[in-house]
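K.L.:
Below is the file query.cif, which contains mmCIF, C-alpha atoms (C1' of nucleotides).
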data_data
#
loop_
_atom_site.group_PDB
_atom_site.id
_atom_site.type_symbol
_atom_site.label_atom_id
_atom_site.label_comp_id
_atom_site.auth_asym_id
_atom_site.auth_seq_id
_atom_site.Cartn_x
_atom_site.Cartn_y
_atom_site.Cartn_z
ATOM 1 C CA MET Z 122 76.576 -92.057 -35.937
ATOM 2 C CA ASN Z 123 75.132 -93.829 -38.990
ATOM 3 C CA ILE Z 124 71.745 -95.486 -38.942
ATOM 4 C CA GLY Z 125 73.372 -98.924 -38.806
ATOM 5 C CA GLU Z 126 75.259 -98.138 -35.647
ATOM 6 C CA ALA Z 127 72.202 -96.496 -34.116
ATOM 7 C CA ALA Z 128 70.302 -99.668 -34.920
ATOM 8 C CA ARG Z 129 72.924 -101.882 -33.321
ATOM 9 C CA THR Z 130 73.182 -99.648 -30.262
ATOM 10 C CA SER Z 131 69.459 -99.233 -29.723
ATOM 11 C CA GLY Z 132 68.259 -102.655 -30.726
ATOM 12 C CA VAL Z 133 65.824 -101.177 -33.260
ATOM 13 C CA SER Z 134 66.392 -102.265 -36.868
ATOM 14 C CA ALA Z 135 67.446 -99.624 -39.400
ATOM 15 C CA LYS Z 136 64.296 -100.434 -41.338
ATOM 16 C CA MET Z 137 62.169 -99.622 -38.339
ATOM 17 C CA ILE Z 138 64.089 -96.467 -37.515
ATOM 18 C CA ARG Z 139 63.276 -95.111 -40.969
ATOM 19 C CA HIS Z 140 59.738 -96.324 -40.571
ATOM 20 C CA TYR Z 141 59.314 -94.537 -37.240
ATOM 21 C CA GLU Z 142 60.618 -91.376 -38.789
ATOM 22 C CA ALA Z 143 58.200 -91.654 -41.703
ATOM 23 C CA SER Z 144 55.342 -92.340 -39.267
ATOM 24 C CA GLY Z 145 55.988 -89.156 -37.357
ATOM 25 C CA LEU Z 146 57.079 -91.030 -34.264
ATOM 26 C CA LEU Z 147 60.557 -89.583 -34.514
ATOM 27 C CA ARG Z 148 61.441 -86.170 -35.810
ATOM 28 C CA PRO Z 149 63.379 -86.275 -39.084
ATOM 29 C CA ALA Z 150 66.953 -87.234 -38.318
ATOM 30 C CA ALA Z 151 69.793 -84.823 -38.984
ATOM 31 C CA ARG Z 152 71.577 -85.460 -42.257
ATOM 32 C CA ARG Z 153 75.240 -85.400 -43.090
ATOM 33 C CA SER Z 154 76.436 -83.740 -46.269
ATOM 34 C CA ASN Z 155 76.217 -87.058 -48.084
ATOM 35 C CA GLY Z 156 72.550 -87.463 -47.196
ATOM 36 C CA TYR Z 157 73.164 -90.129 -44.550
ATOM 37 C CA ARG Z 158 71.078 -89.860 -41.402
ATOM 38 C CA ASP Z 159 73.117 -88.838 -38.372
ATOM 39 C CA TYR Z 160 72.215 -89.915 -34.844
ATOM 40 C CA GLY Z 161 73.431 -88.906 -31.422
ATOM 41 C CA GLU Z 162 73.097 -90.194 -27.883
ATOM 42 C CA VAL Z 163 69.720 -88.588 -27.398
ATOM 43 C CA ASP Z 164 68.330 -90.262 -30.485
ATOM 44 C CA VAL Z 165 69.579 -93.628 -29.335
ATOM 45 C CA ARG Z 166 67.904 -93.109 -25.998
ATOM 46 C CA GLU Z 167 64.627 -92.329 -27.754
ATOM 47 C CA LEU Z 168 64.991 -95.439 -29.836
ATOM 48 C CA GLN Z 169 65.549 -97.542 -26.756
ATOM 49 C CA PHE Z 170 62.502 -95.962 -25.187
ATOM 50 C CA ILE Z 171 60.487 -96.944 -28.224
ATOM 51 C CA ARG Z 172 61.837 -100.450 -28.166
ATOM 52 C CA ARG Z 173 60.933 -100.913 -24.526
ATOM 53 C CA ALA Z 174 57.463 -99.516 -25.104
ATOM 54 C CA ARG Z 175 56.975 -101.869 -28.046
ATOM 55 C CA ASN Z 176 58.133 -104.749 -25.877
ATOM 56 C CA MET Z 177 55.280 -103.925 -23.544
ATOM 57 C CA GLY Z 178 52.894 -104.034 -26.460
ATOM 58 C CA PHE Z 179 52.209 -100.323 -26.854
ATOM 59 C CA ALA Z 180 51.072 -99.385 -30.342
ATOM 60 C CA THR Z 181 52.857 -96.744 -32.386
ATOM 61 C CA ILE Z 182 50.117 -94.226 -31.817
ATOM 62 C CA GLU Z 183 50.379 -94.682 -28.057
ATOM 63 C CA ILE Z 184 54.136 -94.407 -28.164
ATOM 64 C CA ILE Z 185 53.837 -91.051 -29.872
ATOM 65 C CA ASP Z 186 52.001 -89.829 -26.787
ATOM 66 C CA LEU Z 187 54.336 -91.592 -24.378
ATOM 67 C CA LEU Z 188 57.337 -90.016 -26.062
ATOM 68 C CA SER Z 189 55.913 -86.553 -25.879
ATOM 69 C CA LEU Z 190 55.109 -87.068 -22.209
ATOM 70 C CA TRP Z 191 58.621 -88.361 -21.661
ATOM 71 C CA ARG Z 192 60.083 -85.268 -23.259
ATOM 72 C CA ASP Z 193 57.796 -82.961 -21.322
ATOM 73 C CA ARG Z 194 59.351 -82.397 -17.921
ATOM 74 C CA SER Z 195 56.193 -80.696 -16.687
ATOM 75 C CA ARG Z 196 53.828 -83.510 -17.616
ATOM 76 C CA ALA Z 197 51.254 -84.810 -15.183
ATOM 77 C CA SER Z 198 51.894 -88.428 -14.288
ATOM 78 C CA ARG Z 199 48.125 -88.808 -14.456
ATOM 79 C CA ASP Z 200 48.323 -88.692 -18.224
ATOM 80 C CA VAL Z 201 50.912 -91.420 -18.373
ATOM 81 C CA HIS Z 202 49.000 -93.473 -15.868
ATOM 82 C CA HIS Z 203 45.818 -93.139 -17.881
ATOM 83 C CA LEU Z 204 47.505 -94.193 -21.101
ATOM 84 C CA ALA Z 205 49.207 -97.160 -19.481
ATOM 85 C CA ALA Z 206 46.098 -98.287 -17.628
ATOM 86 C CA ARG Z 207 44.101 -98.222 -20.830
ATOM 87 C CA HIS Z 208 46.708 -100.308 -22.594
ATOM 88 C CA LEU Z 209 46.844 -102.708 -19.672
ATOM 89 C CA ALA Z 210 43.087 -103.185 -19.797
ATOM 90 C CA ASP Z 211 43.373 -103.794 -23.493
ATOM 91 C CA LEU Z 212 46.066 -106.388 -22.975
ATOM 92 C CA GLU Z 213 43.988 -108.112 -20.334
ATOM 93 C CA THR Z 214 40.983 -108.246 -22.617
ATOM 94 C CA ARG Z 215 42.997 -109.809 -25.350
ATOM 95 C CA ILE Z 216 44.594 -112.250 -22.939
ATOM 96 C CA ALA Z 217 41.163 -113.298 -21.723
ATOM 97 C CA GLU Z 218 39.974 -113.843 -25.272
ATOM 98 C CA MET Z 219 42.956 -115.972 -26.108
ATOM 99 C CA GLN Z 220 42.589 -117.912 -22.893
ATOM 100 C CA ALA Z 221 39.003 -118.678 -23.807
ATOM 101 C CA MET Z 222 40.209 -119.996 -27.150
ATOM 102 C CA ALA Z 223 42.941 -122.017 -25.487
ATOM 103 C CA ARG Z 224 40.539 -123.480 -22.947
ATOM 104 C CA THR Z 225 38.117 -124.644 -25.622
ATOM 105 C CA LEU Z 226 40.864 -125.945 -27.822
ATOM 106 C CA GLY Z 227 42.588 -127.643 -24.917
ATOM 107 C CA ARG Z 228 39.427 -129.546 -24.066
ATOM 108 C CA LEU Z 229 39.065 -130.683 -27.655
ATOM 109 C CA VAL Z 230 42.688 -131.693 -28.002
ATOM 110 C CA THR Z 231 42.408 -133.755 -24.848
ATOM 111 C CA ALA Z 232 39.251 -135.403 -26.099
ATOM 112 C CA CYS Z 233 40.751 -136.356 -29.453
ATOM 113 C CA HIS Z 234 42.569 -139.674 -29.277
ATOM 114 C CA GLY Z 235 44.866 -138.723 -32.166
ATOM 115 C CA ASP Z 236 45.410 -142.057 -33.823
ATOM 116 C CA GLU Z 237 44.682 -143.487 -37.252
ATOM 117 C CA ARG Z 238 40.916 -143.550 -36.737
ATOM 118 C CA PRO Z 239 38.866 -140.787 -38.406
ATOM 119 C CA GLU Z 240 36.633 -139.984 -35.414
ATOM 120 C CA CYS Z 241 37.639 -136.599 -34.092
ATOM 121 C CA PRO Z 242 35.925 -134.405 -31.510
ATOM 122 C CA ILE Z 243 37.848 -131.406 -32.783
ATOM 123 C CA LEU Z 244 36.369 -131.573 -36.260
ATOM 124 C CA ASP Z 245 32.998 -132.540 -34.782
ATOM 125 C CA ASP Z 246 33.011 -129.383 -32.733
ATOM 126 C CA LEU Z 247 34.104 -127.139 -35.569
ATOM 127 C CA GLY Z 248 31.527 -128.619 -37.898
ATOM 128 C CA ARG Z 249 28.730 -128.733 -35.355
ATOM 129 C CA CYS Z 250 25.600 -126.847 -36.373
ATOM 130 C CA PRO Z 251 25.368 -123.870 -34.063
ATOM 131 C CA PRO Z 252 22.367 -124.434 -31.742
ATOM 132 C CA SER Z 253 20.246 -121.400 -32.456
ATOM 133 C CA GLU Z 254 22.622 -118.653 -33.186
ATOM 134 C CA MET C 397 21.164 -118.412 -52.196
ATOM 135 C CA ASN C 398 22.947 -115.108 -52.801
ATOM 136 C CA ILE C 399 26.167 -114.211 -51.072
ATOM 137 C CA GLY C 400 24.327 -111.822 -48.762
ATOM 138 C CA GLU C 401 22.043 -114.499 -47.444
ATOM 139 C CA ALA C 402 24.933 -116.940 -47.131
ATOM 140 C CA ALA C 403 26.724 -114.275 -45.121
ATOM 141 C CA ARG C 404 23.765 -113.724 -42.833
ATOM 142 C CA THR C 405 23.179 -117.431 -42.370
ATOM 143 C CA SER C 406 26.804 -118.340 -41.745
ATOM 144 C CA GLY C 407 27.914 -115.310 -39.815
ATOM 145 C CA VAL C 408 30.786 -114.692 -42.230
ATOM 146 C CA SER C 409 30.721 -111.339 -44.015
ATOM 147 C CA ALA C 410 30.237 -111.283 -47.776
ATOM 148 C CA LYS C 411 33.580 -109.539 -48.071
ATOM 149 C CA MET C 412 35.279 -112.388 -46.282
ATOM 150 C CA ILE C 413 33.445 -115.061 -48.263
ATOM 151 C CA ARG C 414 34.851 -113.585 -51.458
ATOM 152 C CA HIS C 415 38.218 -113.263 -49.794
ATOM 153 C CA TYR C 416 38.225 -116.919 -48.713
ATOM 154 C CA GLU C 417 37.355 -117.927 -52.243
ATOM 155 C CA ALA C 418 40.180 -115.829 -53.665
ATOM 156 C CA SER C 419 42.583 -117.278 -51.087
ATOM 157 C CA GLY C 420 41.848 -120.834 -52.135
ATOM 158 C CA LEU C 421 40.206 -121.652 -48.852
ATOM 159 C CA LEU C 422 36.880 -122.244 -50.588
ATOM 160 C CA ARG C 423 36.425 -123.643 -54.033
ATOM 161 C CA PRO C 424 35.005 -121.094 -56.494
ATOM 162 C CA ALA C 425 31.311 -120.729 -55.842
ATOM 163 C CA ALA C 426 28.757 -121.743 -58.440
ATOM 164 C CA ARG C 427 27.459 -118.828 -60.482
ATOM 165 C CA ARG C 428 23.976 -118.023 -61.645
ATOM 166 C CA SER C 429 23.368 -116.815 -65.176
ATOM 167 C CA ASN C 430 23.652 -113.212 -64.025
ATOM 168 C CA GLY C 431 27.108 -113.797 -62.557
ATOM 169 C CA TYR C 432 25.955 -113.815 -58.941
ATOM 170 C CA ARG C 433 27.551 -116.406 -56.679
ATOM 171 C CA ASP C 434 25.151 -119.147 -55.645
ATOM 172 C CA TYR C 435 25.449 -120.976 -52.329
ATOM 173 C CA GLY C 436 23.787 -124.068 -50.892
ATOM 174 C CA GLU C 437 23.505 -125.728 -47.488
ATOM 175 C CA VAL C 438 26.882 -127.405 -47.798
ATOM 176 C CA ASP C 439 28.607 -124.118 -48.508
ATOM 177 C CA VAL C 440 26.986 -122.511 -45.510
ATOM 178 C CA ARG C 441 28.159 -125.370 -43.335
ATOM 179 C CA GLU C 442 31.702 -124.871 -44.601
ATOM 180 C CA LEU C 443 31.462 -121.180 -43.852
ATOM 181 C CA GLN C 444 30.302 -121.892 -40.330
ATOM 182 C CA PHE C 445 33.173 -124.325 -39.937
ATOM 183 C CA ILE C 446 35.555 -121.615 -41.019
ATOM 184 C CA ARG C 447 34.004 -119.116 -38.664
ATOM 185 C CA ARG C 448 34.291 -121.452 -35.712
ATOM 186 C CA ALA C 449 37.875 -122.256 -36.573
ATOM 187 C CA ARG C 450 38.680 -118.547 -36.827
ATOM 188 C CA ASN C 451 36.999 -118.000 -33.472
ATOM 189 C CA MET C 452 39.515 -120.425 -32.030
ATOM 190 C CA GLY C 453 42.293 -118.429 -33.587
ATOM 191 C CA PHE C 454 43.294 -120.787 -36.381
ATOM 192 C CA ALA C 455 45.014 -119.025 -39.249
ATOM 193 C CA THR C 456 43.749 -119.296 -42.814
ATOM 194 C CA ILE C 457 46.529 -121.642 -43.800
ATOM 195 C CA GLU C 458 45.638 -123.971 -40.947
ATOM 196 C CA ILE C 459 41.966 -123.832 -41.800
ATOM 197 C CA ILE C 460 42.749 -124.974 -45.325
ATOM 198 C CA ASP C 461 44.173 -128.135 -43.802
ATOM 199 C CA LEU C 462 41.375 -128.470 -41.257
ATOM 200 C CA LEU C 463 38.791 -128.175 -43.992
ATOM 201 C CA SER C 464 40.401 -130.828 -46.129
ATOM 202 C CA LEU C 465 40.592 -133.132 -43.121
ATOM 203 C CA TRP C 466 36.960 -132.384 -42.370
ATOM 204 C CA ARG C 467 35.948 -133.332 -45.893
ATOM 205 C CA ASP C 468 38.079 -136.460 -45.853
ATOM 206 C CA ARG C 469 36.072 -139.206 -44.180
ATOM 207 C CA SER C 470 39.122 -141.475 -44.084
ATOM 208 C CA ARG C 471 41.387 -138.995 -42.329
ATOM 209 C CA ALA C 472 43.461 -139.983 -39.328
ATOM 210 C CA SER C 473 42.453 -138.050 -36.228
ATOM 211 C CA ARG C 474 46.159 -137.916 -35.490
ATOM 212 C CA ASP C 475 46.558 -135.290 -38.186
ATOM 213 C CA VAL C 476 43.833 -133.113 -36.741
ATOM 214 C CA HIS C 477 45.193 -133.594 -33.258
ATOM 215 C CA HIS C 478 48.659 -132.607 -34.383
ATOM 216 C CA LEU C 479 47.424 -129.453 -36.080
ATOM 217 C CA ALA C 480 45.295 -128.419 -33.124
ATOM 218 C CA ALA C 481 47.991 -129.177 -30.577
ATOM 219 C CA ARG C 482 50.461 -127.080 -32.489
ATOM 220 C CA HIS C 483 48.037 -124.182 -32.619
ATOM 221 C CA LEU C 484 47.289 -124.595 -28.930
ATOM 222 C CA ALA C 485 50.978 -124.425 -28.099
ATOM 223 C CA ASP C 486 51.219 -121.335 -30.222
ATOM 224 C CA LEU C 487 48.315 -119.718 -28.426
ATOM 225 C CA GLU C 488 49.844 -120.545 -25.074
ATOM 226 C CA THR C 489 53.145 -119.030 -26.070
ATOM 227 C CA ARG C 490 51.477 -115.837 -27.130
ATOM 228 C CA ILE C 491 49.373 -115.749 -23.987
ATOM 229 C CA ALA C 492 52.491 -116.135 -21.877
ATOM 230 C CA GLU C 493 54.185 -113.289 -23.734
ATOM 231 C CA MET C 494 51.230 -111.019 -23.231
ATOM 232 C CA GLN C 495 50.984 -111.980 -19.598
ATOM 233 C CA ALA C 496 54.601 -111.027 -19.125
ATOM 234 C CA MET C 497 53.837 -107.627 -20.649
ATOM 235 C CA ALA C 498 50.760 -107.247 -18.494
ATOM 236 C CA ARG C 499 52.649 -108.196 -15.341
ATOM 237 C CA THR C 500 55.383 -105.632 -15.968
ATOM 238 C CA LEU C 501 52.933 -102.981 -16.959
ATOM 239 C CA GLY C 502 50.679 -103.763 -14.015
ATOM 240 C CA ARG C 503 53.529 -103.263 -11.595
ATOM 241 C CA LEU C 504 54.374 -99.921 -13.177
ATOM 242 C CA VAL C 505 50.778 -98.722 -13.243
ATOM 243 C CA THR C 506 50.436 -99.570 -9.581
ATOM 244 C CA ALA C 507 53.647 -97.736 -8.770
ATOM 245 C CA CYS C 508 52.612 -94.574 -10.617
ATOM 246 C CA HIS C 509 50.610 -92.279 -8.411
ATOM 247 C CA GLY C 510 48.831 -90.744 -11.381
ATOM 248 C CA ASP C 511 48.331 -87.188 -10.241
ATOM 249 C CA GLU C 512 49.496 -83.799 -11.459
ATOM 250 C CA ARG C 513 53.115 -84.358 -10.485
ATOM 251 C CA PRO C 514 55.588 -85.219 -13.252
ATOM 252 C CA GLU C 515 57.384 -88.067 -11.454
ATOM 253 C CA CYS C 516 56.387 -91.282 -13.134
ATOM 254 C CA PRO C 517 57.828 -94.777 -12.663
ATOM 255 C CA ILE C 518 56.323 -95.819 -15.972
ATOM 256 C CA LEU C 519 58.322 -93.328 -17.992
ATOM 257 C CA ASP C 520 61.337 -93.944 -15.791
ATOM 258 C CA ASP C 521 61.209 -97.600 -16.637
ATOM 259 C CA LEU C 522 60.719 -97.056 -20.337
ATOM 260 C CA GLY C 523 63.544 -94.552 -20.480
ATOM 261 C CA ARG C 524 65.873 -96.470 -18.241
ATOM 262 C CA CYS C 525 69.244 -97.245 -19.802
ATOM 263 C CA PRO C 526 69.321 -100.981 -20.292
ATOM 264 C CA PRO C 527 71.884 -102.355 -17.797
ATOM 265 C CA SER C 528 74.303 -104.259 -20.059
ATOM 266 C CA GLU C 529 72.231 -105.500 -22.915
ATOM 267 C "C1'" DG G 568 93.594 -94.694 -59.541
ATOM 268 C "C1'" DC G 569 90.609 -98.729 -59.424
ATOM 269 C "C1'" DT G 570 88.220 -102.564 -57.288
ATOM 270 C "C1'" DG G 571 85.452 -104.468 -53.912
ATOM 271 C "C1'" DC G 572 82.794 -104.480 -49.971
ATOM 272 C "C1'" DA G 573 79.963 -102.540 -46.618
ATOM 273 C "C1'" DC G 574 77.114 -99.086 -45.970
ATOM 274 C "C1'" DC G 575 73.668 -95.620 -47.086
ATOM 275 C "C1'" DT G 576 69.462 -93.664 -49.820
ATOM 276 C "C1'" DT G 577 64.499 -94.153 -51.712
ATOM 277 C "C1'" DC G 578 60.817 -96.865 -53.466
ATOM 278 C "C1'" DC G 579 57.909 -100.831 -54.017
ATOM 279 C "C1'" DC G 580 56.083 -105.149 -52.404
ATOM 280 C "C1'" DA G 581 54.549 -108.813 -49.055
ATOM 281 C "C1'" DT G 582 52.595 -110.458 -44.937
ATOM 282 C "C1'" DC G 583 47.345 -111.361 -42.372
ATOM 283 C "C1'" DA G 584 42.425 -110.543 -41.632
ATOM 284 C "C1'" DT G 585 39.340 -107.312 -42.357
ATOM 285 C "C1'" DG G 586 36.781 -103.622 -44.121
ATOM 286 C "C1'" DG G 587 35.760 -99.159 -46.982
ATOM 287 C "C1'" DG G 588 34.433 -97.507 -51.079
ATOM 288 C "C1'" DA G 589 34.004 -96.649 -56.174
ATOM 289 C "C1'" DA G 590 32.098 -97.841 -60.649
ATOM 290 C "C1'" DG G 591 28.985 -100.399 -62.769
ATOM 291 C "C1'" DG G 592 25.428 -104.401 -63.571
ATOM 292 C "C1'" DT G 593 20.872 -106.780 -61.844
ATOM 293 C "C1'" DC G 594 16.534 -107.434 -59.802
ATOM 294 C "C1'" DA G 595 12.140 -106.644 -57.744
ATOM 295 C "C1'" DA G 596 8.641 -103.608 -56.270
ATOM 296 C "C1'" DT G 597 6.181 -99.438 -57.026
ATOM 297 C "C1'" DA T 1239 10.675 -95.997 -65.543
ATOM 298 C "C1'" DT T 1240 12.504 -95.089 -61.175
ATOM 299 C "C1'" DT T 1241 14.205 -96.526 -56.817
ATOM 300 C "C1'" DG T 1242 16.606 -99.161 -53.538
ATOM 301 C "C1'" DA T 1243 18.758 -103.243 -52.406
ATOM 302 C "C1'" DC T 1244 21.561 -106.289 -54.064
ATOM 303 C "C1'" DC T 1245 25.489 -108.120 -56.799
ATOM 304 C "C1'" DT T 1246 30.173 -107.822 -59.456
ATOM 305 C "C1'" DT T 1247 35.316 -106.499 -59.687
ATOM 306 C "C1'" DC T 1248 39.100 -103.610 -58.426
ATOM 307 C "C1'" DC T 1249 41.865 -100.690 -55.513
ATOM 308 C "C1'" DC T 1250 43.179 -98.985 -50.999
ATOM 309 C "C1'" DA T 1251 43.943 -98.946 -45.907
ATOM 310 C "C1'" DT T 1252 45.120 -100.832 -41.555
ATOM 311 C "C1'" DG T 1253 49.978 -102.091 -38.293
ATOM 312 C "C1'" DA T 1254 54.600 -103.813 -37.630
ATOM 313 C "C1'" DT T 1255 57.955 -105.765 -39.916
ATOM 314 C "C1'" DG T 1256 60.948 -107.276 -43.403
ATOM 315 C "C1'" DG T 1257 62.724 -108.345 -48.369
ATOM 316 C "C1'" DG T 1258 64.772 -106.618 -52.144
ATOM 317 C "C1'" DA T 1259 66.002 -103.599 -56.153
ATOM 318 C "C1'" DA T 1260 68.462 -99.656 -58.053
ATOM 319 C "C1'" DG T 1261 71.680 -96.479 -57.234
ATOM 320 C "C1'" DG T 1262 75.008 -93.394 -54.405
ATOM 321 C "C1'" DT T 1263 79.033 -93.191 -50.804
ATOM 322 C "C1'" DG T 1264 83.106 -94.294 -48.100
ATOM 323 C "C1'" DC T 1265 86.971 -96.780 -46.922
ATOM 324 C "C1'" DA T 1266 90.622 -100.237 -47.322
ATOM 325 C "C1'" DG T 1267 93.811 -102.802 -50.144
ATOM 326 C "C1'" DC T 1268 96.322 -103.289 -54.349
#
Please render this file's structure as structure tokens.
P.N.:
Amino acid sequence: MNIGEAARTSGVSAKMIRHYEASGLLRPAARRSNGYRDYGEVDVRELQFIRRARNMGFATIEIIDLLSLWRDRSRASRDVHHLAARHLADLETRIAEMQAMARTLGRLVTACHGDERPECPILDDLGRCPPSE
Amino acid sequence: MNIGEAARTSGVSAKMIRHYEASGLLRPAARRSNGYRDYGEVDVRELQFIRRARNMGFATIEIIDLLSLWRDRSRASRDVHHLAARHLADLETRIAEMQAMARTLGRLVTACHGDERPECPILDDLGRCPPSE
DNA sequence: GCTGCACCTTCCCATCATGGGAAGGTCAAT
DNA sequence: ATTGACCTTCCCATGATGGGAAGGTGCAGC
């Protein structure tokens, strides 16, 4: 199957498939005599795996490890668990940071009347001299 | 004041100060006879403004607008409010997306026993054939 | 056979915020 | 004069994704 069909079937764009190959995430695809990449069922399943992992926010470098664990039938689930738990903690940290931003911003947005007058708590806050930082 | 001192005072790295200037976020700094950039109090206050806005997750392009509103004493707070509300909505969308990832991943991490056995619900989920997508 | 269209290839560029580092000029203190 | 800390510009890298150019291939219709 051509890269286009593999892309359609797996939900990963052809651009990204080539990119994953170049990044060492996927082994170099088989080539037909005309130089076209040739994919089979197994490849499509790997691509779907990658897509699902990306949907959960795993970075390429983590997916490399996840893929090799997936392929390894004698893996220890501990290794997968460790990888996933680390990523989860990471996600939660970033969520907390963004929530802190959103909380601050939400307070300011509520405080700003948002009419034609120039007074604006949002700008006041941004321009406020930091206390003693 | 040299760029290094402006960086220390404002909390924005010298690299980023130059970058903001090149991006049109800041007007070109004054130069001394030796070619060094020269900053004053006002510049440092703008840098702090930028830093605070970045801490709330505003993108450069939004900060350009925020800065011009900040400088404009006859602005309408409506414009600031609109900008901030849009960014807040954006933040909340991204938080929700990440929370969805974290929820899914959290369930899987809990389900994975994480020992030396190869069975692993995390990999099973990632490798699962999508139902009818 | 030729034309046209859809597909493939590689290569380069752009995003966005940030930093690393090189090559070279300046300044102040010893 | 040397040294070390600073400054300048320029190029490169990150990470995931896409745009687009230039050129080859394959198939369908005429």
K.L.:
Quick one, how far is CA of Leu501 in chain C from CA of Cys516 in chain C?
P.N.:
12.8 Å
K.L.:
I'd like the contact shell of DC578 in chain G - 12 Å cut-off, only C-alpha atoms (C1' of nucleotides), skipping same-chain residues fewer than 6 positions apart - returned as a list of chain:residue names.
P.N.:
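Those residues are T:DG1258, T:DA1259, T:DA1260, T:DG1261.
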K.L.:
Taking only C-alpha atoms (C1' of nucleotides) into account, find every residue of chain T that has an atom no more than 9 Å from chain C, and write it out as a ChimeraX atom specification.
P.N.:
/T:1244-1246
K.L.:
Could you write those residues out with C-alpha atoms (C1' of nucleotides), as an mmCIF file, keeping the file's coordinate frame?
P.N.:
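out.cif, freshly written:
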data_model
loop_
_atom_site.group_PDB
_atom_site.id
_atom_site.type_symbol
_atom_site.label_atom_id
_atom_site.label_comp_id
_atom_site.auth_asym_id
_atom_site.auth_seq_id
_atom_site.Cartn_x
_atom_site.Cartn_y
_atom_site.Cartn_z
ATOM 1 C "C1'" DC T 1244 21.561 -106.289 -54.064
ATOM 2 C "C1'" DC T 1245 25.489 -108.120 -56.799
ATOM 3 C "C1'" DT T 1246 30.173 -107.822 -59.456
#
K.L.:
If we draw a sphere of 8 Å around (43.8, -124.2, -26.0), which residues have at least one atom in it when counting only C-alpha atoms (C1' of nucleotides)? Please report them as an MDAnalysis selection string.
P.N.:
(chainID Z and resid 220:228 230) or (chainID C and resid 481 483:485 487:488)
K.L.:
Using the selection just defined, write its residues with C-alpha atoms as a CSV table (one decimal), keeping the file's coordinate frame.
P.N.:
chain,number,residue,atom,x,y,z
Z,220,GLN,CA,42.6,-117.9,-22.9
Z,221,ALA,CA,39.0,-118.7,-23.8
Z,222,MET,CA,40.2,-120.0,-27.2
Z,223,ALA,CA,42.9,-122.0,-25.5
Z,224,ARG,CA,40.5,-123.5,-22.9
Z,225,THR,CA,38.1,-124.6,-25.6
Z,226,LEU,CA,40.9,-125.9,-27.8
Z,227,GLY,CA,42.6,-127.6,-24.9
Z,228,ARG,CA,39.4,-129.5,-24.1
Z,230,VAL,CA,42.7,-131.7,-28.0
C,481,ALA,CA,48.0,-129.2,-30.6
C,483,HIS,CA,48.0,-124.2,-32.6
C,484,LEU,CA,47.3,-124.6,-28.9
C,485,ALA,CA,51.0,-124.4,-28.1
C,487,LEU,CA,48.3,-119.7,-28.4
C,488,GLU,CA,49.8,-120.5,-25.1
K.L.:
Decode the PyMOL selection byres ((chain Z) within 8 of (chain C)) for the given file into explicit residues and return them as an MDAnalysis selection string.
P.N.:
chainID Z and resid 166:167 169:171 173:174 176:178 187 191 194:203 205:206 209 212:213 216 219:220 222:223 225:227 230 233:241 243:244 247:250
K.L.:
Do you have the C1' of DT1247 in chain T-CA of Ala425 in chain C distance handy?
P.N.:
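A separation of 15.3 Å between them.
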K.L.:
In Å, rounded to a single decimal, give me how far CA of Ala410 in chain C is from C1' of DC1250 in chain T.
P.N.:
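Result for C1' of DC1250 in chain T versus CA of Ala410 in chain C: 18.1 Å, one decimal.
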K.L.:
Using all atoms listed in the file, which residues of chain C come within 9 Å of chain G, and what is the closest atom pair for each, with the distance in Å to one decimal? Give it as JSON lines, sorted by chain and residue number.
P.N.:
{"residue": "C:Lys411", "atom": "CA", "partner": "G:DG586", "partner_atom": "C1'", "distance": 7.8}
{"residue": "C:Met412", "atom": "CA", "partner": "G:DT585", "partner_atom": "C1'", "distance": 7.6}
{"residue": "C:Asn430", "atom": "CA", "partner": "G:DT593", "partner_atom": "C1'", "distance": 7.3}
{"residue": "C:Ala455", "atom": "CA", "partner": "G:DC583", "partner_atom": "C1'", "distance": 8.6}
{"residue": "C:Thr456", "atom": "CA", "partner": "G:DC583", "partner_atom": "C1'", "distance": 8.7}
K.L.:
Write out as a ChimeraX atom specification which residues come within 7 Å of range 413-422 of chain C when counting all atoms listed in the file, dropping same-chain ones fewer than 4 positions away.
P.N.:
/C:408-409,460
K.L.:
Save range 446-461 of chain C to a file: C-alpha atoms, as a CSV table (one decimal), in the first residue's frame.
P.N.:
chain,number,residue,atom,x,y,z
C,446,ILE,CA,6.1,41.5,28.6
C,447,ARG,CA,7.4,39.1,31.2
C,448,ARG,CA,4.2,39.2,33.2
C,449,ALA,CA,2.1,38.8,30.0
C,450,ARG,CA,4.2,35.8,29.0
C,451,ASN,CA,3.8,34.3,32.5
C,452,MET,CA,0.1,34.4,31.8
C,453,GLY,CA,0.6,32.5,28.6
C,454,PHE,CA,0.0,35.4,26.1
C,455,ALA,CA,1.6,34.8,22.8
C,456,THR,CA,4.0,37.4,21.3
C,457,ILE,CA,1.4,38.5,18.8
C,458,GLU,CA,-1.1,39.2,21.6
C,459,ILE,CA,1.5,41.0,23.6
C,460,ILE,CA,2.1,43.4,20.7
C,461,ASP,CA,-1.5,44.4,21.0
